[in-house]
>>> print(open('work-v3.cif').read())   # mmCIF, C-alpha atoms
data_coords
loop_
_atom_site.label_atom_id
_atom_site.label_comp_id
_atom_site.auth_asym_id
_atom_site.auth_seq_id
_atom_site.Cartn_x
_atom_site.Cartn_y
_atom_site.Cartn_z
CA MET A 42 -6.39 11.58 -12.72
CA ARG A 43 -3.70 14.00 -13.94
CA LYS A 44 -4.53 17.55 -12.93
CA ASN A 45 -1.60 19.67 -14.07
CA VAL A 46 -0.57 22.98 -12.67
CA LEU A 47 0.24 25.07 -15.74
CA TYR A 48 2.96 27.17 -14.20
CA SER A 49 5.03 24.27 -12.94
CA LEU A 50 4.56 22.25 -16.10
CA LEU A 51 5.77 25.11 -18.30
CA ILE A 52 8.89 25.41 -16.22
CA LEU A 53 9.50 21.67 -16.06
CA ALA A 54 8.78 21.15 -19.74
CA ALA A 55 11.28 23.83 -20.67
CA THR A 56 13.86 22.33 -18.37
CA ALA A 57 13.25 18.84 -19.71
CA THR A 58 14.19 19.91 -23.21
CA ILE A 59 17.66 20.73 -21.92
CA SER A 60 18.32 17.66 -19.80
CA SER A 61 16.20 15.13 -18.02
CA SER A 62 18.62 15.22 -15.09
CA CYS A 63 18.35 19.02 -14.87
CA ILE A 64 14.77 18.63 -13.67
CA ARG A 65 15.97 16.74 -10.68
CA ASN A 66 19.18 18.61 -9.99
CA ASP A 67 17.65 22.11 -10.19
CA PHE A 68 14.15 21.49 -8.90
CA GLN A 69 14.23 24.33 -6.34
CA TYR A 70 12.42 26.78 -8.63
CA TYR A 71 10.33 29.53 -7.13
CA GLY A 72 6.74 28.72 -6.25
CA TYR A 73 6.79 24.93 -6.03
CA GLU A 74 5.91 24.74 -2.33
CA ASP A 75 3.29 27.45 -2.78
CA GLN A 76 1.62 25.43 -5.54
CA LEU A 77 1.51 22.32 -3.41
CA GLU A 78 0.03 24.22 -0.48
CA GLY A 79 -2.48 25.93 -2.77
CA THR A 80 -3.79 22.71 -4.32
CA PHE A 81 -3.59 20.41 -1.31
CA PRO A 82 -7.07 20.02 0.22
CA VAL A 83 -5.97 20.82 3.78
CA ASP A 84 -4.79 24.26 4.88
CA GLN A 85 -1.63 23.09 6.57
CA ILE A 86 0.21 19.83 7.14
CA GLU A 87 1.51 19.26 10.65
CA GLY A 88 5.25 19.65 10.76
CA SER A 89 7.01 16.26 10.57
CA HIS A 90 3.70 14.46 9.97
CA PRO A 91 4.63 10.77 9.64
CA TRP A 92 1.73 9.85 7.30
CA THR A 93 1.57 6.41 8.94
CA LEU A 94 -1.55 4.72 10.30
CA THR A 95 0.07 1.56 11.68
CA LYS A 96 2.58 0.52 14.31
CA SER A 97 4.84 -2.52 14.45
CA CYS A 98 4.42 -4.82 17.43
CA SER A 99 6.04 -7.92 18.85
CA SER A 100 4.82 -10.30 21.56
CA PHE A 101 6.10 -13.53 23.05
CA VAL A 102 3.27 -16.07 23.36
CA ASN A 103 3.66 -18.98 25.74
CA GLY A 104 1.57 -21.57 27.54
CA ARG A 105 0.52 -25.20 27.36
CA VAL A 106 -2.66 -26.22 25.55
CA ALA A 107 -3.48 -29.84 24.71
CA ASP A 108 -3.96 -30.59 21.00
CA ALA A 109 -2.68 -27.13 20.01
CA ALA A 110 -1.68 -26.95 16.34
CA LYS A 111 -1.88 -23.26 15.46
CA VAL A 112 -1.51 -19.87 17.15
CA GLN A 113 -3.06 -16.69 15.75
CA ILE A 114 -2.91 -13.08 16.82
CA LEU A 115 -6.29 -11.52 16.05
CA SER A 116 -7.45 -7.91 15.83
CA GLY A 117 -10.54 -8.66 17.94
CA ASN A 118 -12.70 -11.31 19.55
CA PRO A 119 -14.32 -13.42 16.80
CA PHE A 120 -16.98 -14.65 19.24
CA SER A 121 -18.36 -11.15 19.72
CA GLU A 122 -17.09 -9.13 16.75
CA THR A 123 -17.24 -9.29 12.96
CA GLY A 124 -14.47 -8.26 10.60
CA VAL A 125 -11.72 -9.69 12.81
CA GLU A 126 -8.39 -10.04 11.03
CA ILE A 127 -5.49 -12.44 11.48
CA LEU A 128 -2.46 -10.28 12.26
CA ALA A 129 0.01 -13.15 12.65
CA GLU A 130 -0.15 -16.94 12.50
CA THR A 131 2.16 -19.87 13.10
CA LYS A 132 2.10 -23.61 13.70
CA THR A 133 2.74 -24.87 17.21
CA THR A 134 2.78 -27.91 19.49
CA MET A 135 0.97 -28.19 22.82
CA SER A 136 3.95 -26.49 24.47
CA ILE A 137 3.59 -22.98 23.03
CA SER A 138 6.65 -20.73 22.92
CA LYS A 139 6.56 -18.33 19.97
CA GLN A 140 7.78 -14.82 19.25
CA LEU A 141 5.32 -13.16 16.87
CA ASP A 142 5.77 -9.85 15.07
CA TYR A 143 2.69 -8.12 13.69
CA VAL A 144 1.26 -4.81 12.52
CA VAL A 145 -1.77 -3.06 13.99
CA PRO A 146 -3.66 0.15 13.22
CA ASN A 147 -2.60 2.99 15.51
CA THR A 148 -6.08 2.95 17.02
CA LEU A 149 -5.91 -0.70 18.17
CA ASN A 150 -4.93 -1.14 21.82
CA HIS A 151 -5.83 -4.79 22.44
CA ILE A 152 -5.35 -8.01 20.49
CA TYR A 153 -6.46 -11.60 21.09
CA VAL A 154 -4.28 -14.70 20.97
CA ALA A 155 -6.16 -17.72 19.66
CA VAL A 156 -4.97 -21.31 19.97
CA LEU A 157 -6.57 -23.77 17.54
CA ASP A 158 -6.40 -27.49 16.85
CA GLU A 159 -5.77 -29.21 13.51
CA GLU A 160 -9.43 -28.79 12.49
CA GLY A 161 -9.45 -25.09 13.29
CA ASN A 162 -11.46 -25.36 16.49
CA TYR A 163 -10.71 -22.74 19.15
CA LEU A 164 -8.98 -24.24 22.19
CA SER A 165 -8.11 -20.96 23.88
CA LEU A 166 -8.67 -17.22 23.42
CA THR A 167 -6.68 -14.71 25.47
CA GLN A 168 -6.84 -10.92 25.39
CA GLY A 169 -3.61 -8.95 25.54
CA ALA A 170 -2.30 -5.45 25.00
CA THR A 171 -0.82 -4.64 21.61
CA ASN A 172 2.95 -4.96 21.76
CA ALA A 173 2.79 -6.80 25.12
CA ASP A 174 6.18 -8.36 25.86
CA ASN A 175 4.59 -11.59 27.10
CA ILE A 176 1.15 -13.09 26.66
CA ASN A 177 0.37 -16.23 28.63
CA VAL A 178 -2.42 -18.24 27.05
CA GLY A 179 -4.90 -20.24 29.07
CA ASP A 180 -6.33 -23.68 28.30
CA THR A 181 -10.06 -22.87 28.56
CA ALA A 182 -11.95 -23.10 25.30
CA PRO A 183 -14.31 -20.20 24.47
CA THR A 184 -18.00 -20.97 24.07
CA GLY A 185 -20.34 -19.95 21.29
CA THR A 186 -19.99 -19.77 17.53
CA PRO A 187 -17.08 -17.72 16.18
CA ASN A 188 -17.41 -15.36 13.24
CA THR A 189 -15.14 -15.83 10.24
CA VAL A 190 -11.68 -14.29 10.51
CA THR A 191 -9.64 -13.20 7.49
CA PRO A 192 -5.99 -12.31 6.83
CA GLN A 193 -5.06 -8.70 7.54
CA ARG A 194 -5.45 -6.47 4.46
CA ILE A 195 -3.70 -3.15 3.92
CA TYR A 196 -4.63 -0.81 1.07
CA TYR A 197 -2.08 1.26 -0.80
CA CYS A 198 -3.45 4.30 -2.61
CA PHE A 199 -1.42 6.47 -4.98
CA GLU A 200 -1.41 9.85 -6.68
CA ALA A 201 0.46 9.52 -9.97
CA ASP A 202 1.36 13.20 -10.57
CA TYR A 203 4.43 13.29 -8.33
CA PRO A 204 6.22 15.66 -7.95
CA ASN A 205 3.44 17.91 -9.28
CA PRO A 206 0.21 18.53 -7.38
CA GLY A 207 -2.52 16.02 -8.16
CA ASP A 208 -6.24 16.03 -7.56
CA TRP A 209 -5.58 14.28 -4.24
CA ASP A 210 -8.19 11.57 -4.64
CA TYR A 211 -5.50 8.92 -4.08
CA ASN A 212 -7.11 6.51 -6.53
CA ASP A 213 -4.75 6.62 -9.51
CA VAL A 214 -3.68 3.15 -8.42
CA VAL A 215 -5.36 1.30 -5.56
CA MET A 216 -3.90 -2.05 -4.55
CA SER A 217 -4.31 -4.13 -1.41
CA ILE A 218 -2.06 -6.81 0.09
CA THR A 219 -2.47 -9.70 2.50
CA LYS A 220 0.15 -12.03 3.99
CA GLU A 221 -0.72 -15.66 4.65
CA PRO A 222 1.21 -18.73 5.87
CA THR A 223 1.69 -21.78 3.69
CA ASP A 224 2.22 -25.49 4.36
CA ASP A 225 5.96 -24.80 4.23
CA GLU A 226 6.88 -22.86 7.38
CA ASN A 227 9.77 -21.19 5.53
CA VAL A 228 7.41 -19.68 2.97
CA VAL A 229 4.70 -17.03 3.17
CA ALA A 230 2.16 -16.15 0.51
CA LEU A 231 1.80 -12.51 -0.43
CA LYS A 232 -1.51 -11.87 -2.20
CA VAL A 233 -1.54 -8.63 -4.16
CA ARG A 234 -4.86 -7.34 -5.47
CA LEU A 235 -5.12 -4.53 -8.00
CA ASP A 236 -8.43 -2.90 -7.07
CA ALA A 237 -8.66 0.30 -9.14
CA VAL A 238 -6.86 2.44 -11.72
CA GLY A 239 -7.96 6.08 -11.76
CA TYR A 240 -5.62 7.27 -14.48
CA LEU A 241 -5.63 7.30 -18.28
CA THR A 242 -1.93 6.80 -19.00
CA GLN A 243 0.43 3.93 -18.27
CA ILE A 244 1.54 3.15 -14.72
CA ALA A 245 3.84 0.34 -13.56
CA ALA A 246 4.25 -1.03 -10.03
CA ALA A 247 6.58 -3.08 -7.84
CA ILE A 248 7.12 -3.95 -4.18
CA ARG A 249 10.42 -3.72 -2.34
CA LEU A 250 11.06 -6.05 0.60
CA VAL A 251 12.66 -3.51 2.91
CA ASP A 252 16.10 -4.61 4.17
CA TYR A 253 15.76 -8.09 2.67
CA LYS A 254 18.72 -8.60 0.39
CA TYR A 255 18.15 -9.91 -3.12
CA ASP A 256 19.92 -13.18 -2.33
CA ARG A 257 18.17 -13.64 1.02
CA VAL A 258 14.73 -14.53 -0.33
CA LYS A 259 13.45 -16.63 -3.20
CA ILE A 260 10.36 -15.18 -4.90
CA THR A 261 8.05 -17.18 -7.15
CA GLN A 262 4.60 -16.56 -8.54
CA ASP A 263 1.52 -18.73 -8.43
CA GLU A 264 1.16 -19.99 -11.99
CA THR A 265 -2.64 -19.74 -11.87
CA SER A 266 -2.60 -15.93 -11.47
CA THR A 267 -0.84 -13.12 -13.30
CA PHE A 268 -0.82 -9.40 -13.95
CA VAL A 269 0.99 -9.98 -17.25
CA ARG A 270 -1.84 -10.64 -19.70
CA GLU A 271 0.30 -10.04 -22.79
CA PRO A 272 3.75 -11.51 -22.02
CA ASN A 273 5.06 -10.85 -25.54
CA ARG A 274 4.14 -7.17 -25.50
CA GLU A 275 7.13 -4.81 -25.31
CA ARG A 276 7.70 -3.54 -21.79
CA LYS A 277 8.13 0.22 -21.45
CA PHE A 278 8.76 1.04 -17.79
CA ILE A 279 10.10 -2.09 -16.12
CA LYS A 280 12.02 -3.69 -18.96
CA GLN A 281 12.74 -6.95 -17.12
CA SER A 282 10.12 -9.66 -17.00
CA ASP A 283 11.69 -11.49 -14.02
CA VAL A 284 9.45 -11.86 -10.99
CA LYS A 285 12.29 -10.88 -8.65
CA LEU A 286 14.38 -7.78 -9.28
CA LYS A 287 17.33 -6.26 -7.43
CA SER A 288 17.06 -2.69 -6.21
CA ILE A 289 19.68 -0.15 -7.21
CA ASN A 290 20.02 1.18 -3.67
CA THR A 291 23.10 0.35 -1.64
CA GLU A 292 21.32 -2.44 0.21
CA GLY A 293 20.41 -4.30 -2.99
CA ASP A 294 16.97 -5.24 -1.69
CA ALA A 295 14.71 -7.82 -3.31
CA VAL A 296 11.89 -6.33 -5.38
CA ILE A 297 8.71 -8.01 -6.64
CA ASN A 298 8.02 -7.07 -10.25
CA LEU A 299 4.22 -6.59 -10.29
CA PHE A 300 3.28 -5.11 -13.66
CA ASP A 301 4.45 -2.76 -16.38
CA ASP A 302 0.97 -1.46 -17.21
CA ALA A 303 -1.82 -1.20 -14.64
CA HIS A 304 -4.61 -1.03 -17.24
CA LEU A 305 -3.37 -4.14 -18.99
CA ALA A 306 -2.99 -5.88 -15.64
CA MET A 307 -6.74 -5.48 -15.11
CA PHE A 308 -8.05 -5.89 -18.67
CA HIS A 309 -7.07 -7.50 -21.94
CA LEU A 310 -6.08 -5.63 -25.11
CA GLY A 311 -8.75 -4.01 -27.25
CA SER A 312 -9.81 -5.50 -30.56
CA ASP A 313 -7.37 -3.19 -32.35
CA GLY A 314 -4.45 -4.34 -30.18
CA SER A 315 -4.41 -1.21 -28.05
CA VAL A 316 -4.51 -1.06 -24.26
CA TYR A 317 -8.02 -0.32 -22.97
CA ARG A 318 -7.40 2.84 -20.92
CA ARG A 319 -10.31 3.74 -18.70
CA TYR A 320 -10.94 4.82 -15.13
CA PHE A 321 -11.31 1.33 -13.68
CA ASN A 322 -13.50 1.25 -10.57
CA THR A 323 -13.30 4.96 -9.71
CA ILE A 324 -16.48 6.28 -11.38
CA GLU A 325 -20.09 5.62 -10.52
CA ASN A 326 -22.34 4.91 -13.51
CA ALA A 327 -19.25 4.23 -15.58
CA SER A 328 -19.66 4.53 -19.35
CA SER A 329 -17.75 5.42 -22.50
CA THR A 330 -18.89 9.04 -22.15
CA ASN A 331 -17.03 9.49 -18.86
CA ASN A 332 -14.14 7.14 -19.70
CA GLY A 333 -15.18 4.92 -16.84
CA ALA A 334 -15.37 1.14 -16.64
CA THR A 335 -16.16 -1.43 -14.00
CA GLN A 336 -13.70 -4.29 -13.84
CA ALA A 337 -13.19 -7.15 -11.41
CA PRO A 338 -10.02 -6.70 -9.31
CA THR A 339 -7.07 -8.88 -10.23
CA THR A 340 -5.28 -10.89 -7.53
CA VAL A 341 -1.84 -12.45 -7.93
CA THR A 342 -0.11 -14.62 -5.32
CA TYR A 343 3.64 -14.47 -4.75
CA TYR A 344 5.55 -16.92 -2.58
CA LEU A 345 8.39 -15.61 -0.44
CA ASP A 346 10.81 -18.35 0.61
CA PHE A 347 13.07 -17.01 3.37
CA GLY A 348 14.80 -20.31 4.00
CA ASP A 349 13.99 -20.39 7.71
CA GLU A 350 10.85 -20.54 9.81
CA TYR A 351 11.64 -17.67 12.18
CA THR A 352 12.12 -15.10 9.43
CA ALA A 353 8.99 -16.21 7.59
CA ARG A 354 6.90 -16.17 10.75
CA ASN A 355 7.95 -12.64 11.70
CA PHE A 356 7.84 -11.03 8.28
CA THR A 357 5.15 -8.33 8.38
CA LEU A 358 3.34 -6.04 5.97
CA ASP A 359 5.23 -3.11 7.50
CA GLU A 360 8.33 -4.45 5.76
CA LEU A 361 6.85 -3.82 2.33
CA ASP A 362 7.48 -0.76 0.20
CA PRO A 363 4.91 -0.90 -2.63
CA PHE A 364 5.42 1.83 -5.22
CA ILE A 365 4.21 2.88 -8.64
CA ILE A 366 6.27 4.10 -11.57
CA VAL A 367 5.16 6.94 -13.83
CA GLN A 368 6.64 8.66 -16.85
CA TYR A 369 7.64 12.27 -16.27
CA GLY A 370 6.81 14.27 -19.35
CA THR A 371 5.30 13.00 -22.57
CA SER A 372 8.35 11.35 -24.12
CA GLY A 373 11.65 9.73 -23.30
CA GLU A 374 12.44 7.34 -20.47
CA ASN A 375 12.36 9.68 -17.49
CA PHE A 376 10.57 7.43 -14.99
CA TRP A 377 9.73 8.42 -11.43
CA GLU A 378 8.72 6.28 -8.49
CA VAL A 379 5.90 7.16 -6.10
CA HIS A 380 6.32 5.68 -2.61
CA THR A 381 4.49 6.02 0.67
CA HIS A 382 5.87 8.80 2.83
CA PRO A 383 8.40 6.77 4.89
CA TYR A 384 10.14 5.75 1.65
CA LYS A 385 9.39 8.85 -0.40
CA LEU A 386 13.04 9.76 -1.02
CA THR A 387 14.25 6.28 -1.98
CA GLU A 388 15.34 5.22 -5.45
CA ILE A 389 14.67 1.53 -6.02
CA LEU A 390 14.62 0.86 -9.76
CA PHE A 391 15.38 4.31 -11.20
CA LYS A 392 17.75 7.14 -10.27
CA TYR A 393 15.19 9.86 -10.77
CA TYR A 394 16.48 12.19 -8.02
CA ASN A 395 20.12 12.12 -9.17
CA GLY A 396 21.37 13.37 -5.82
CA ALA A 397 18.71 16.07 -5.41
CA ALA A 398 16.29 14.19 -3.13
CA SER A 399 16.41 17.00 -0.58
CA SER A 400 14.52 19.20 -3.05
CA TYR A 401 11.48 16.98 -2.49
CA ASN A 402 11.84 16.55 1.26
CA ASN A 403 8.62 18.36 2.16
CA GLY A 404 5.59 17.37 4.21
CA PHE A 405 3.46 16.13 1.31
CA SER A 406 2.78 12.51 0.43
CA TRP A 407 1.50 11.12 -2.84
CA ALA A 408 0.71 7.69 -1.37
CA LEU A 409 -1.14 6.27 1.63
CA ALA A 410 -1.12 2.89 3.41
CA ILE A 411 -4.53 2.26 5.00
CA PRO A 412 -5.02 -0.65 7.45
CA TYR A 413 -8.71 -1.25 6.91
CA ALA A 414 -10.15 -4.19 4.98
CA LYS A 415 -13.40 -2.31 4.30
CA PHE A 416 -11.70 0.83 2.97
CA ARG A 417 -13.54 2.68 0.20
CA TRP A 418 -11.39 4.90 -1.98
CA PRO A 419 -12.63 8.30 -3.26
CA LEU A 420 -14.49 8.64 -6.53
CA GLU A 421 -12.67 10.19 -9.46
CA GLY A 422 -11.70 13.79 -8.75
CA GLU A 423 -13.09 13.74 -5.18
CA PRO A 424 -10.38 14.87 -2.73
CA ILE A 425 -9.82 12.32 -0.02
CA GLY A 426 -10.63 14.97 2.56
CA MET A 427 -10.76 18.77 2.56
CA ARG A 428 -10.32 21.25 5.37
CA LYS A 429 -9.98 24.80 4.09
CA ASN A 430 -10.70 27.83 6.27
CA SER A 431 -12.27 25.45 8.83
CA ILE A 432 -14.72 24.14 6.20
CA VAL A 433 -14.64 20.34 6.02
CA SER A 434 -15.63 18.36 2.91
CA GLY A 435 -14.36 15.60 0.65
CA ALA A 436 -14.55 11.81 0.82
CA TYR A 437 -13.63 11.64 4.54
CA GLN A 438 -15.16 14.62 6.29
CA THR A 439 -16.90 13.35 9.46
CA ASN A 440 -16.31 15.71 12.37
CA SER A 441 -13.70 14.31 14.80
CA HIS A 442 -13.01 11.54 12.26
CA SER A 443 -11.87 13.45 9.18
CA PHE A 444 -8.82 13.18 6.98
CA GLY A 445 -8.23 16.91 7.39
CA GLU A 446 -8.02 16.69 11.18
CA TRP A 447 -5.50 13.88 10.88
CA ILE A 448 -3.35 15.95 8.53
CA LEU A 449 -3.41 18.89 10.93
CA ASN A 450 -2.37 16.63 13.83
CA HIS A 451 -1.33 13.02 13.29
CA ALA A 452 -2.56 12.09 16.79
CA ASP A 453 -6.12 13.14 15.94
CA ALA A 454 -8.77 11.28 13.90
CA GLN A 455 -6.50 8.30 13.26
CA ASP A 456 -9.59 6.28 12.38
CA TRP A 457 -10.70 8.67 9.62
CA TYR A 458 -10.68 5.88 7.01
CA GLU A 459 -13.61 4.21 8.79
CA TYR A 460 -15.93 7.18 8.10
CA PRO A 461 -16.55 7.60 4.35
CA ALA A 462 -19.03 10.16 3.04
CA GLU A 463 -21.68 8.38 1.00
CA GLY A 464 -21.73 9.60 -2.56
CA ALA A 465 -18.04 10.49 -2.46
CA VAL A 466 -16.46 7.01 -2.35
CA TYR A 467 -16.48 3.98 -4.60
#
>>> encode(input="work-v3.cif", output="structure tokens")
Amino acid sequence: MRKNVLYSLLILAATATISSSCIRNDFQYYGYEDQLEGTFPVDQIEGSHPWTLTKSCSSFVNGRVADAAKVQILSGNPFSETGVEILAETKTTMSISKQLDYVVPNTLNHIYVAVLDEEGNYLSLTQGATNADNINVGDTAPTGTPNTVTPQRIYYCFEADYPNPGDWDYNDVVMSITKEPTDDENVVALKVRLDAVGYLTQIAAAIRLVDYKYDRVKITQDETSTFVREPNRERKFIKQSDVKLKSINTEGDAVINLFDDAHLAMFHLGSDGSVYRRYFNTIENASSTNNGATQAPTTVTYYLDFGDEYTARNFTLDELDPFIIVQYGTSGENFWEVHTHPYKLTEILFKYYNGAASSYNNGFSWALAIPYAKFRWPLEGEPIGMRKNSIVSGAYQTNSHSFGEWILNHADAQDWYEYPAEGAVY
């Protein structure tokens, strides 16, 4: 939800009337940092806070297991735990020799390597340390009945007011992504789910494949799913309708064109031909009086063909840069991108910084990547977590497991997203 700071908007609006590029080139006006600090729900952000909740890992799996057909790296033991996720997966023969890259939450210290047959029966289950150089699998089958395992899901939650302060509920766009193998070992399926839209104006979105050149990967879309409900409608933010775009950065990375309008991606046009703009899935007891609406999430599958098995096998969710696109101001085509903190200063489809990116190189982030399949985003207007003058509140406020503690020190409360406050989350 847009929550403008009057002082900054007056300055920016006046500047915008002169030149859209002036906003970016001369953005070091007095008071900007003070406004961010004043509105942000935590007293102080740790210097050089990385804003990352995951770490990239790589392990070499080897061994010999009769009838082996598949190897999985799991987040836990499916015979004793529920909610176990598949972090990496590949086909194999009985002579197992595979390098597997994967992503884990910072809090996860052990993984399990599962070997399965063609029917999906467990032939072997071996515990290992995350990022272990070598994991030797045994050939003893586990006993008991395993719980269901699912592909790893990471949530991406955005504030759409960048570079202005927002209401810090991080629900203006909520999307989640899984990566899954396909029958073709050169191809992986990327399933993108749009879960919520907590904003009343248009937002677009795309995903950059970090350091994967445009010509290096073929991207297609499953024809049975789409975010583009009205293909003939004029596009405002991302003018191109192609599924694969080329970034404007020096690397020329491949970009997945998700949608030009988040509301339309979740719901059809109104009877009068207008886009139905509501707070989708961010308000309890949603109704026309509070501009809320409940809508089933929309999932679209994209196929990434890397042309070789090794690259496809070791492509991870950490190599994605999902971002939203918002209009700065009320008119014109001054579009800004909102990225997670590691990619905050990048320009992928629009040159919105115009050489002044250093003006925005502060400790604040308008987007989060959360490695938790059961994540519950904050309700509309509910800060994701507050810690002011040692008083803790907000959607994630549990002592020793709060968002505020994590912001103060990135090594603390790294599991904060597992402790929602009932009544404050969707």
>>> resolve_selection(input="work-v3.cif", expression="the PyMOL selection byres ((chain A and resi 80) around 8)", output="compact mmCIF listing (two decimals) with C-alpha atoms, in the coordinates of the input")
# COMPACT_ATOMS: atom_id res chain seq x y z
CA GLN A 76 1.62 25.43 -5.54
CA LEU A 77 1.51 22.32 -3.41
CA GLU A 78 0.03 24.22 -0.48
CA GLY A 79 -2.48 25.93 -2.77
CA PHE A 81 -3.59 20.41 -1.31
CA PRO A 82 -7.07 20.02 0.22
CA PRO A 206 0.21 18.53 -7.38
CA GLY A 207 -2.52 16.02 -8.16
CA ASP A 208 -6.24 16.03 -7.56
>>> resolve_selection(input="work-v3.cif", expression="the PyMOL selection byres ((chain A and resi 299) around 10)", output="PDB file with C-alpha atoms, in the frame of the given file")
ATOM      1  CA  VAL A 233      -1.540  -8.630  -4.160  1.00  0.00           C
ATOM      2  CA  LEU A 235      -5.120  -4.530  -8.000  1.00  0.00           C
ATOM      3  CA  ALA A 245       3.840   0.340 -13.560  1.00  0.00           C
ATOM      4  CA  ALA A 246       4.250  -1.030 -10.030  1.00  0.00           C
ATOM      5  CA  ALA A 247       6.580  -3.080  -7.840  1.00  0.00           C
ATOM      6  CA  ILE A 248       7.120  -3.950  -4.180  1.00  0.00           C
ATOM      7  CA  THR A 267      -0.840 -13.120 -13.300  1.00  0.00           C
ATOM      8  CA  PHE A 268      -0.820  -9.400 -13.950  1.00  0.00           C
ATOM      9  CA  VAL A 269       0.990  -9.980 -17.250  1.00  0.00           C
ATOM     10  CA  ILE A 279      10.100  -2.090 -16.120  1.00  0.00           C
ATOM     11  CA  SER A 282      10.120  -9.660 -17.000  1.00  0.00           C
ATOM     12  CA  ASP A 283      11.690 -11.490 -14.020  1.00  0.00           C
ATOM     13  CA  VAL A 284       9.450 -11.860 -10.990  1.00  0.00           C
ATOM     14  CA  LYS A 285      12.290 -10.880  -8.650  1.00  0.00           C
ATOM     15  CA  VAL A 296      11.890  -6.330  -5.380  1.00  0.00           C
ATOM     16  CA  ILE A 297       8.710  -8.010  -6.640  1.00  0.00           C
ATOM     17  CA  ASN A 298       8.020  -7.070 -10.250  1.00  0.00           C
ATOM     18  CA  PHE A 300       3.280  -5.110 -13.660  1.00  0.00           C
ATOM     19  CA  ASP A 301       4.450  -2.760 -16.380  1.00  0.00           C
ATOM     20  CA  ASP A 302       0.970  -1.460 -17.210  1.00  0.00           C
ATOM     21  CA  ALA A 303      -1.820  -1.200 -14.640  1.00  0.00           C
ATOM     22  CA  ALA A 306      -2.990  -5.880 -15.640  1.00  0.00           C
ATOM     23  CA  VAL A 341      -1.840 -12.450  -7.930  1.00  0.00           C
ATOM     24  CA  TYR A 343       3.640 -14.470  -4.750  1.00  0.00           C
ATOM     25  CA  PRO A 363       4.910  -0.900  -2.630  1.00  0.00           C
ATOM     26  CA  PHE A 364       5.420   1.830  -5.220  1.00  0.00           C
ATOM     27  CA  ILE A 365       4.210   2.880  -8.640  1.00  0.00           C
TER      28      ILE A 365
END
>>> resolve_selection(input="work-v3.cif", expression="the PyMOL selection byres ((chain A and resi 156) around 8)", output="count of residues only")
14
>>> residues_near_point(input="work-v3.cif", point="(3.9, 20.3, 12.5)", cutoff="10 Å", atoms="all atoms listed in the file", output="list in words")
Gln85, Ile86, Glu87, Gly88, Ser89, His90, Pro91, Gly404, Ile448, Leu449, Asn450 and His451 of chain A
>>> residues_around(input="work-v3.cif", residues="A:Ile176", least_positions_apart="5", cutoff="10 Å", atoms="only C-alpha atoms", output="CSV table (one decimal) with C-alpha atoms, in the coordinates of the input")
chain,number,residue,atom,x,y,z
A,100,SER,CA,4.8,-10.3,21.6
A,101,PHE,CA,6.1,-13.5,23.0
A,102,VAL,CA,3.3,-16.1,23.4
A,103,ASN,CA,3.7,-19.0,25.7
A,104,GLY,CA,1.6,-21.6,27.5
A,153,TYR,CA,-6.5,-11.6,21.1
A,154,VAL,CA,-4.3,-14.7,21.0
A,167,THR,CA,-6.7,-14.7,25.5
A,168,GLN,CA,-6.8,-10.9,25.4
A,169,GLY,CA,-3.6,-9.0,25.5
A,170,ALA,CA,-2.3,-5.4,25.0
>>> closest_residue(input="work-v3.cif", among="A:Leu149, A:Glu459, A:Thr342, A:Thr439", to="A:Ile218", atoms="all atoms listed in the file")
A:Thr342
>>> closest_residue(input="work-v3.cif", among="A:Thr340, A:Asn227, A:Asn205, A:Thr186", to="A:Tyr369", atoms="all atoms listed in the file")
A:Asn205
>>> atom_distance(input="work-v3.cif", atom1="atom CA of A:Val83", atom2="atom CA of A:Lys429")
5.7 Å
>>> atom_distance(input="work-v3.cif", atom1="atom CA of A:Asp75", atom2="atom CA of A:Met427")
17.4 Å
>>> closest_residue(input="work-v3.cif", among="A:Leu310, A:Thr323, A:Thr181, A:Thr339", to="A:Ser266", atoms="only C-alpha atoms")
A:Thr339
>>> residues_around(input="work-v3.cif", residues="A:Tyr344", least_positions_apart="3", cutoff="7 Å", atoms="all atoms listed in the file", output="ChimeraX atom specification")
/A:228-231,260-262
>>> atom_distance(input="work-v3.cif", atom1="atom CA of A:Thr357", atom2="atom CA of A:Asp294")
15.8 Å
>>> residues_around(input="work-v3.cif", residues="A:Gln455", least_positions_apart="2", cutoff="8 Å", atoms="only C-alpha atoms", output="MDAnalysis selection string")
chainID A and resid 94 147:148 442 447 451:453 457:458
>>> closest_residue(input="work-v3.cif", among="A:Ser138, A:Thr242, A:Thr123, A:Asn375", to="A:Asn177", atoms="only C-alpha atoms")
A:Ser138
>>> closest_residue(input="work-v3.cif", among="A:Asp236, A:Glu200, A:Asp142, A:Asp180", to="A:Trp407", atoms="all atoms listed in the file")
A:Glu200
